[in-house]
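Heads up, the thing below is written out as structure tokens.
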Amino acid sequence: MNEQITGALFKRMILHGAAVITAQKQAINDLNVFPVPDGDTGTNMSMTIGAAVTELKKTEPSTLDQAVSITASALLRGARGNSGVILSLLFRGLSKGLKGCKTADSAAFSAAMQEGVSSAYKAVMKPAEGTVLTVSRLAAKRAAEIAADEKDLEQVLEAAIQEGHNALAQTIDMNPVLKKAGVVDAGGKGYLLILEGMLAELRGEPMPETTEEESQKAKADFDVFSTEEITFAFDTVFIVRKNDPNVNLEPFRAYLSSIGDSLVIGEDDEAFKVHVHTNTPGNALTEGQKYGTLELAKIENMQTQYEDVAAGKKAQSVDDLEMEEAAMEPARDTKENHVVAAPEKKYGFLSVCAGEGLAAIFQDLGVDGVVSGGQTMNPSTESILKGIDQVPAETVFVLPNNGNIIMAAQQCAALTEKNVVVIPSKTVPQGITAMMNVDFEAPDAESLTASMTEALSGVTTAQITYAARDSDFDGFDIKEGDYLALEEGKLFGTDGSLHTLLEKLAANAAHRGASFVSLYFGEDVKEEDAQAAGKLFENACPGAEVMVLSGGQPVYYYIISME
């Protein structure tokens with residue numbers, strides 16, 4: 001019997017729910033006919049909750065509030081497809097309902113489930129019954145009814161799931177598209193699988209193996225559809241970081257409704273995520289940039305996906321791009337001379353950094369290319385030039401992210417037909433901050449250069465490395481193998497203990513009044529050690545937002561950004 005959900009228990013419940021839907025994602029894909037028969041609902045929901053699993057595994061939440069907040073934030077940014085966005089909204093509302101709760105009883109948790117349903121209905125422009133919305137609404141309502149007299153969370157969640165299954169069975173008659181295909185709603189089924197996994201964790205049952213479980217019991221007949229029934233061809237999903245946390249998105253909703261359907265917008269204080277089916281995805285992205293900075297985008301052709309599924313083939317998605325690009329790399333490398341990419345847009349961006357994690361962060365922020373390099377491995381002008389010429393833009397902004405690379409980058413301006421602007425970023429955090437301040441619709445390169453350069457002064461960078469030899473520098477007696485802490489390129493301190501240096505840097509961050517602290521840990525640092533380092537900064541700066549991210553960089557154990 002469970003009467004309270006703690007942060008640690010909620011974490012395990014999410015991991016269990018994710019394992020259940022991952023094991024059965026193909027069975028969900030086989031049901032997927034609404035709003036478009038593209039056969040990817042199981043994959044989308046599995047990958048959406050998988051984003052929360054990734055983040056939850058990085059931490060040990062001490063309160064339920066913390067666990068649910070981490071889950072909701074990860075789901076928003078990891079949401080894929082219509083079903084994934086709605087799933088993220090259900091948990092976003094759950095997070096709001098449990099804000100400030102160290103634990104929750106059955107009444108509080110069921111009330112938060114209803115808050116999640118409310119959030120989902122408000123965000124969906126044209127809510128359709130006979131979908132996951134119906135299933136989640138009736139399940140949450142039943143949970144609240146039972147919780148009025150029942151303290152056992154297992155009993156409450158079991159009743160909610162049973163009511164959800166009753167509602168799911170009715171979706172085949174509530175939605176004409178589902179009735180035509182002879183199946184229940186895929187999103188509703190996926191949501192119940194997640195709840196079933198969460199209940200199984202409450203009961204102490206073992207997690208399923210995360211291998212796909214094929215199911216032929218209920219599979220949609222895709223042959224009854226045709227591509228003519230897909231009014232809007234492009235499934236378009238993107239994230240925009242808000243310029244103003246209080247921005248009114250209603251005009252944007254109205255615009256998107258005029259150019260497409262299946263519109264869902266999820267948001268928090270920092271960003272919003274859009275899912276829309278449209279024939280003009282470029283227009284949707286352009287309009288979205290009026291409200292902030294575009295971070296990520298995914299566009300897929302649902303007509304070709306449907307044709308693949310109907311033919312019994314795997315539907316292509318943007319996830320296939322990485323494999324295709326990897327296959328093309330050997331052919332590119334055999335060319336003696338690199339090819340200059342034709343300009344397809346006004347601005348492009350190239351970053352220099354070392355480490356797969358850092359490269360991924362820059363790419364997520366909109367960088368077109370990354371040149372590998374950094375301390376002790378400075379790239380040549382030729383390497384930077386090759387990267388510039390591969391960016392399909394008229395003007396290419398280069399972020400050297402190291403004082404020793406700036407000059408090499410500047411040499412490229414006279415060697416290419418492209419307009420090259422070198423932003424004098426001396427550290428990786430400066431480069432990241434510059435990219436976060438990019439206005440992709442800036443009227444001219446001069447104004448964009450000014451805003452990116454101005455952003456450099458807003459961040460303080462600290463780095464921790466090691467001493468390769470004995471030396472006496474800046475009044476410090478340095479011994480070979482000691483840890484060295486640098487701040488803005490100057491020696492901050494040295495010690496035989498990495499923990500001691502981290503404590504001193506955390507205290508310094510507090511002294512500076514840092515509001516945002518990001519720790520990028522290197523290839524020689526274990527994730528659990530990095531999370532412990534993050535706790536030092538959280539304790540020293542209780543009012544700051546602290547993020548711990550894998551940079552994968554060599555040489556530096558940590559690169560720390562303080563703003």
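How things are named: the first chain in the structure tokens is A, the next is B, and so on; residues count from 1 in each chain; ligands count from 1 in the order shown.
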
Item to complete: Find the residues near stretch 91-97 of chain A: any atom within 8 Å, counting only C-alpha atoms, skip ones fewer than 6 places away on the same chain, and give them as a VMD selection string.
Response: chain A and resid 65 68 to 69 71 to 73 75 to 76 108 111 to 120

Pull N, CA, C and O atoms from the residues just selected and write them as a short mmCIF file (atom, residue, chain, number, x, y, z; two decimals), in the first residue's frame.
```
data_model
loop_
_atom_site.label_atom_id
_atom_site.label_comp_id
_atom_site.auth_asym_id
_atom_site.auth_seq_id
_atom_site.Cartn_x
_atom_site.Cartn_y
_atom_site.Cartn_z
N ASP A 65 8.18 17.69 -6.13
CA ASP A 65 8.17 18.91 -6.95
C ASP A 65 9.34 18.89 -7.93
O ASP A 65 9.18 19.16 -9.13
N VAL A 68 8.93 16.06 -10.69
CA VAL A 68 7.90 16.35 -11.69
C VAL A 68 8.33 17.51 -12.57
O VAL A 68 8.06 17.53 -13.78
N SER A 69 9.01 18.50 -11.99
CA SER A 69 9.47 19.65 -12.76
C SER A 69 10.50 19.22 -13.80
O SER A 69 10.45 19.66 -14.96
N THR A 71 10.79 16.28 -15.12
CA THR A 71 10.05 15.49 -16.12
C THR A 71 9.33 16.39 -17.10
O THR A 71 9.41 16.21 -18.32
N ALA A 72 8.60 17.38 -16.60
CA ALA A 72 7.81 18.27 -17.46
C ALA A 72 8.71 19.07 -18.40
O ALA A 72 8.41 19.22 -19.59
N SER A 73 9.81 19.59 -17.88
CA SER A 73 10.72 20.39 -18.70
C SER A 73 11.34 19.55 -19.80
O SER A 73 11.43 19.98 -20.96
N LEU A 75 10.12 16.78 -21.11
CA LEU A 75 9.08 16.39 -22.06
C LEU A 75 8.78 17.52 -23.04
O LEU A 75 8.55 17.27 -24.24
N LEU A 76 8.74 18.75 -22.55
CA LEU A 76 8.46 19.88 -23.44
C LEU A 76 9.49 19.97 -24.54
O LEU A 76 9.17 20.12 -25.72
N ALA A 108 -4.05 14.82 -3.66
CA ALA A 108 -3.22 15.84 -4.32
C ALA A 108 -2.79 15.37 -5.70
O ALA A 108 -2.78 16.14 -6.66
N ALA A 111 -5.75 15.40 -8.16
CA ALA A 111 -6.08 16.79 -8.51
C ALA A 111 -5.07 17.32 -9.52
O ALA A 111 -5.43 18.05 -10.46
N ALA A 112 -3.80 16.95 -9.36
CA ALA A 112 -2.77 17.39 -10.30
C ALA A 112 -2.97 16.74 -11.67
O ALA A 112 -2.69 17.36 -12.70
N MET A 113 -3.48 15.51 -11.70
CA MET A 113 -3.79 14.86 -12.98
C MET A 113 -4.85 15.67 -13.72
O MET A 113 -4.78 15.84 -14.95
N GLN A 114 -5.83 16.16 -12.99
CA GLN A 114 -6.88 16.98 -13.62
C GLN A 114 -6.31 18.31 -14.11
O GLN A 114 -6.74 18.83 -15.15
N GLU A 115 -5.34 18.86 -13.39
CA GLU A 115 -4.68 20.08 -13.84
C GLU A 115 -3.93 19.82 -15.15
O GLU A 115 -3.90 20.67 -16.03
N GLY A 116 -3.37 18.63 -15.27
CA GLY A 116 -2.69 18.26 -16.52
C GLY A 116 -3.65 18.21 -17.69
O GLY A 116 -3.35 18.69 -18.79
N VAL A 117 -4.81 17.63 -17.47
CA VAL A 117 -5.83 17.56 -18.53
C VAL A 117 -6.27 18.96 -18.94
O VAL A 117 -6.42 19.26 -20.13
N SER A 118 -6.46 19.83 -17.95
CA SER A 118 -6.86 21.20 -18.24
C SER A 118 -5.81 21.91 -19.09
O SER A 118 -6.16 22.61 -20.05
N SER A 119 -4.54 21.71 -18.77
CA SER A 119 -3.45 22.33 -19.55
C SER A 119 -3.47 21.84 -20.98
O SER A 119 -3.26 22.61 -21.92
N ALA A 120 -3.71 20.55 -21.16
CA ALA A 120 -3.71 19.98 -22.51
C ALA A 120 -4.86 20.52 -23.35
O ALA A 120 -4.68 20.90 -24.51
#
```

Worksheet entry | Every residue of stretch 117-201 of chain A that DSSP places in alpha helix (DSSP H), as a PyMOL selection string | chain A and resi 117-123+132-147+153-174+176-181+186-201

Secondary structure check, strand (DSSP E) residues of stretch 428-562 of chain A, as a PDB file with N, CA and C atoms, in the first residue's frame:
```pdb
ATOM      1  N   THR A 460      30.890  35.084 -17.452  1.00  0.00           N
ATOM      2  CA  THR A 460      32.214  34.861 -16.870  1.00  0.00           C
ATOM      3  C   THR A 460      32.533  33.378 -17.004  1.00  0.00           C
ATOM      4  N   THR A 461      33.736  33.073 -17.469  1.00  0.00           N
ATOM      5  CA  THR A 461      34.121  31.685 -17.713  1.00  0.00           C
ATOM      6  C   THR A 461      35.205  31.233 -16.742  1.00  0.00           C
ATOM      7  N   ALA A 462      34.986  30.062 -16.166  1.00  0.00           N
ATOM      8  CA  ALA A 462      36.007  29.408 -15.344  1.00  0.00           C
ATOM      9  C   ALA A 462      36.308  28.045 -15.961  1.00  0.00           C
ATOM     10  N   GLN A 463      37.551  27.603 -15.818  1.00  0.00           N
ATOM     11  CA  GLN A 463      37.959  26.319 -16.370  1.00  0.00           C
ATOM     12  C   GLN A 463      38.875  25.616 -15.377  1.00  0.00           C
ATOM     13  N   ILE A 464      38.755  24.314 -15.317  1.00  0.00           N
ATOM     14  CA  ILE A 464      39.631  23.538 -14.443  1.00  0.00           C
ATOM     15  C   ILE A 464      40.410  22.535 -15.280  1.00  0.00           C
ATOM     16  N   THR A 465      41.731  22.583 -15.160  1.00  0.00           N
ATOM     17  CA  THR A 465      42.592  21.664 -15.901  1.00  0.00           C
ATOM     18  C   THR A 465      43.658  21.152 -14.933  1.00  0.00           C
ATOM     19  N   TYR A 466      44.778  20.688 -15.450  1.00  0.00           N
ATOM     20  CA  TYR A 466      45.834  20.165 -14.589  1.00  0.00           C
ATOM     21  C   TYR A 466      47.175  20.754 -14.998  1.00  0.00           C
ATOM     22  N   SER A 471      55.863  24.717 -11.704  1.00  0.00           N
ATOM     23  CA  SER A 471      56.097  26.092 -12.155  1.00  0.00           C
ATOM     24  C   SER A 471      55.692  27.063 -11.066  1.00  0.00           C
ATOM     25  N   ASP A 472      56.080  28.305 -11.259  1.00  0.00           N
ATOM     26  CA  ASP A 472      55.694  29.389 -10.346  1.00  0.00           C
ATOM     27  C   ASP A 472      55.031  30.447 -11.215  1.00  0.00           C
ATOM     28  N   PHE A 473      53.706  30.639 -11.047  1.00  0.00           N
ATOM     29  CA  PHE A 473      52.968  31.525 -11.936  1.00  0.00           C
ATOM     30  C   PHE A 473      52.008  32.385 -11.139  1.00  0.00           C
ATOM     31  N   PHE A 476      51.625  31.732  -7.542  1.00  0.00           N
ATOM     32  CA  PHE A 476      51.205  30.401  -7.130  1.00  0.00           C
ATOM     33  C   PHE A 476      52.344  29.407  -7.346  1.00  0.00           C
ATOM     34  N   ASP A 477      52.614  28.607  -6.339  1.00  0.00           N
ATOM     35  CA  ASP A 477      53.604  27.545  -6.452  1.00  0.00           C
ATOM     36  C   ASP A 477      52.888  26.307  -6.984  1.00  0.00           C
ATOM     37  N   ILE A 478      53.069  26.025  -8.237  1.00  0.00           N
ATOM     38  CA  ILE A 478      52.305  24.978  -8.910  1.00  0.00           C
ATOM     39  C   ILE A 478      53.141  23.704  -9.012  1.00  0.00           C
ATOM     40  N   TYR A 483      45.613  20.420  -9.751  1.00  0.00           N
ATOM     41  CA  TYR A 483      44.482  20.963 -10.493  1.00  0.00           C
ATOM     42  C   TYR A 483      44.609  22.476 -10.533  1.00  0.00           C
ATOM     43  N   LEU A 484      44.331  23.049 -11.697  1.00  0.00           N
ATOM     44  CA  LEU A 484      44.403  24.492 -11.881  1.00  0.00           C
ATOM     45  C   LEU A 484      43.023  25.027 -12.223  1.00  0.00           C
ATOM     46  N   ALA A 485      42.638  26.102 -11.570  1.00  0.00           N
ATOM     47  CA  ALA A 485      41.382  26.778 -11.902  1.00  0.00           C
ATOM     48  C   ALA A 485      41.711  28.123 -12.540  1.00  0.00           C
ATOM     49  N   LEU A 486      41.151  28.346 -13.707  1.00  0.00           N
ATOM     50  CA  LEU A 486      41.331  29.613 -14.419  1.00  0.00           C
ATOM     51  C   LEU A 486      40.001  30.354 -14.449  1.00  0.00           C
ATOM     52  N   GLU A 487      40.080  31.671 -14.349  1.00  0.00           N
ATOM     53  CA  GLU A 487      38.876  32.493 -14.480  1.00  0.00           C
ATOM     54  C   GLU A 487      39.190  33.628 -15.432  1.00  0.00           C
ATOM     55  N   LYS A 490      42.794  33.962 -16.399  1.00  0.00           N
ATOM     56  CA  LYS A 490      43.788  34.201 -15.344  1.00  0.00           C
ATOM     57  C   LYS A 490      43.706  33.091 -14.299  1.00  0.00           C
ATOM     58  N   LEU A 491      44.851  32.793 -13.686  1.00  0.00           N
ATOM     59  CA  LEU A 491      44.898  31.731 -12.702  1.00  0.00           C
ATOM     60  C   LEU A 491      44.087  32.122 -11.470  1.00  0.00           C
ATOM     61  N   PHE A 492      43.079  31.321 -11.147  1.00  0.00           N
ATOM     62  CA  PHE A 492      42.203  31.585 -10.004  1.00  0.00           C
ATOM     63  C   PHE A 492      42.722  30.876  -8.758  1.00  0.00           C
ATOM     64  N   GLY A 493      43.243  29.672  -8.941  1.00  0.00           N
ATOM     65  CA  GLY A 493      43.732  28.919  -7.802  1.00  0.00           C
ATOM     66  C   GLY A 493      44.275  27.582  -8.229  1.00  0.00           C
ATOM     67  N   THR A 494      44.992  26.940  -7.323  1.00  0.00           N
ATOM     68  CA  THR A 494      45.556  25.616  -7.588  1.00  0.00           C
ATOM     69  C   THR A 494      45.447  24.786  -6.328  1.00  0.00           C
ATOM     70  N   ASP A 495      45.224  23.488  -6.488  1.00  0.00           N
ATOM     71  CA  ASP A 495      45.068  22.631  -5.324  1.00  0.00           C
ATOM     72  C   ASP A 495      45.228  21.182  -5.759  1.00  0.00           C
ATOM     73  N   PHE A 516      22.683  32.326 -13.450  1.00  0.00           N
ATOM     74  CA  PHE A 516      22.711  31.121 -14.281  1.00  0.00           C
ATOM     75  C   PHE A 516      24.116  30.546 -14.259  1.00  0.00           C
ATOM     76  N   VAL A 517      24.217  29.276 -13.916  1.00  0.00           N
ATOM     77  CA  VAL A 517      25.511  28.592 -13.889  1.00  0.00           C
ATOM     78  C   VAL A 517      25.393  27.306 -14.697  1.00  0.00           C
ATOM     79  N   SER A 518      26.299  27.131 -15.659  1.00  0.00           N
ATOM     80  CA  SER A 518      26.318  25.913 -16.467  1.00  0.00           C
ATOM     81  C   SER A 518      27.675  25.246 -16.310  1.00  0.00           C
ATOM     82  N   LEU A 519      27.664  23.957 -15.961  1.00  0.00           N
ATOM     83  CA  LEU A 519      28.897  23.186 -15.841  1.00  0.00           C
ATOM     84  C   LEU A 519      28.963  22.182 -16.985  1.00  0.00           C
ATOM     85  N   TYR A 520      29.967  22.315 -17.844  1.00  0.00           N
ATOM     86  CA  TYR A 520      30.189  21.384 -18.943  1.00  0.00           C
ATOM     87  C   TYR A 520      31.339  20.478 -18.531  1.00  0.00           C
ATOM     88  N   PHE A 521      31.030  19.206 -18.275  1.00  0.00           N
ATOM     89  CA  PHE A 521      32.085  18.327 -17.782  1.00  0.00           C
ATOM     90  C   PHE A 521      32.763  17.584 -18.929  1.00  0.00           C
ATOM     91  N   GLU A 545      19.933  29.228 -11.310  1.00  0.00           N
ATOM     92  CA  GLU A 545      19.596  28.051 -12.089  1.00  0.00           C
ATOM     93  C   GLU A 545      20.903  27.378 -12.489  1.00  0.00           C
ATOM     94  N   VAL A 546      21.103  26.157 -12.039  1.00  0.00           N
ATOM     95  CA  VAL A 546      22.350  25.429 -12.282  1.00  0.00           C
ATOM     96  C   VAL A 546      22.082  24.261 -13.213  1.00  0.00           C
ATOM     97  N   MET A 547      22.852  24.175 -14.293  1.00  0.00           N
ATOM     98  CA  MET A 547      22.717  23.085 -15.256  1.00  0.00           C
ATOM     99  C   MET A 547      24.037  22.341 -15.357  1.00  0.00           C
ATOM    100  N   VAL A 548      23.970  21.024 -15.416  1.00  0.00           N
ATOM    101  CA  VAL A 548      25.155  20.173 -15.583  1.00  0.00           C
ATOM    102  C   VAL A 548      25.007  19.441 -16.910  1.00  0.00           C
ATOM    103  N   LEU A 549      25.941  19.680 -17.821  1.00  0.00           N
ATOM    104  CA  LEU A 549      25.844  19.139 -19.175  1.00  0.00           C
ATOM    105  C   LEU A 549      27.138  18.443 -19.571  1.00  0.00           C
ATOM    106  N   SER A 550      27.008  17.393 -20.336  1.00  0.00           N
ATOM    107  CA  SER A 550      28.186  16.685 -20.821  1.00  0.00           C
ATOM    108  C   SER A 550      28.785  17.432 -22.003  1.00  0.00           C
ATOM    109  N   TYR A 558      36.359  20.692 -16.258  1.00  0.00           N
ATOM    110  CA  TYR A 558      35.121  21.458 -16.267  1.00  0.00           C
ATOM    111  C   TYR A 558      35.328  22.777 -16.993  1.00  0.00           C
ATOM    112  N   ILE A 559      34.327  23.174 -17.750  1.00  0.00           N
ATOM    113  CA  ILE A 559      34.210  24.538 -18.260  1.00  0.00           C
ATOM    114  C   ILE A 559      32.935  25.080 -17.626  1.00  0.00           C
ATOM    115  N   ILE A 560      33.058  26.182 -16.913  1.00  0.00           N
ATOM    116  CA  ILE A 560      31.941  26.692 -16.115  1.00  0.00           C
ATOM    117  C   ILE A 560      31.544  28.085 -16.586  1.00  0.00           C
ATOM    118  N   SER A 561      30.269  28.235 -16.880  1.00  0.00           N
ATOM    119  CA  SER A 561      29.722  29.514 -17.318  1.00  0.00           C
ATOM    120  C   SER A 561      28.920  30.129 -16.185  1.00  0.00           C
ATOM    121  N   MET A 562      29.182  31.404 -15.890  1.00  0.00           N
ATOM    122  CA  MET A 562      28.462  32.133 -14.836  1.00  0.00           C
ATOM    123  C   MET A 562      27.894  33.420 -15.415  1.00  0.00           C
TER     124      MET A 562
END
```

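Checking A:Val371, A:Ile361, A:Ala342, A:Cys541 one by one against A:Asp389, counting only C-alpha atoms, you find the shortest gap at A:Ala342.
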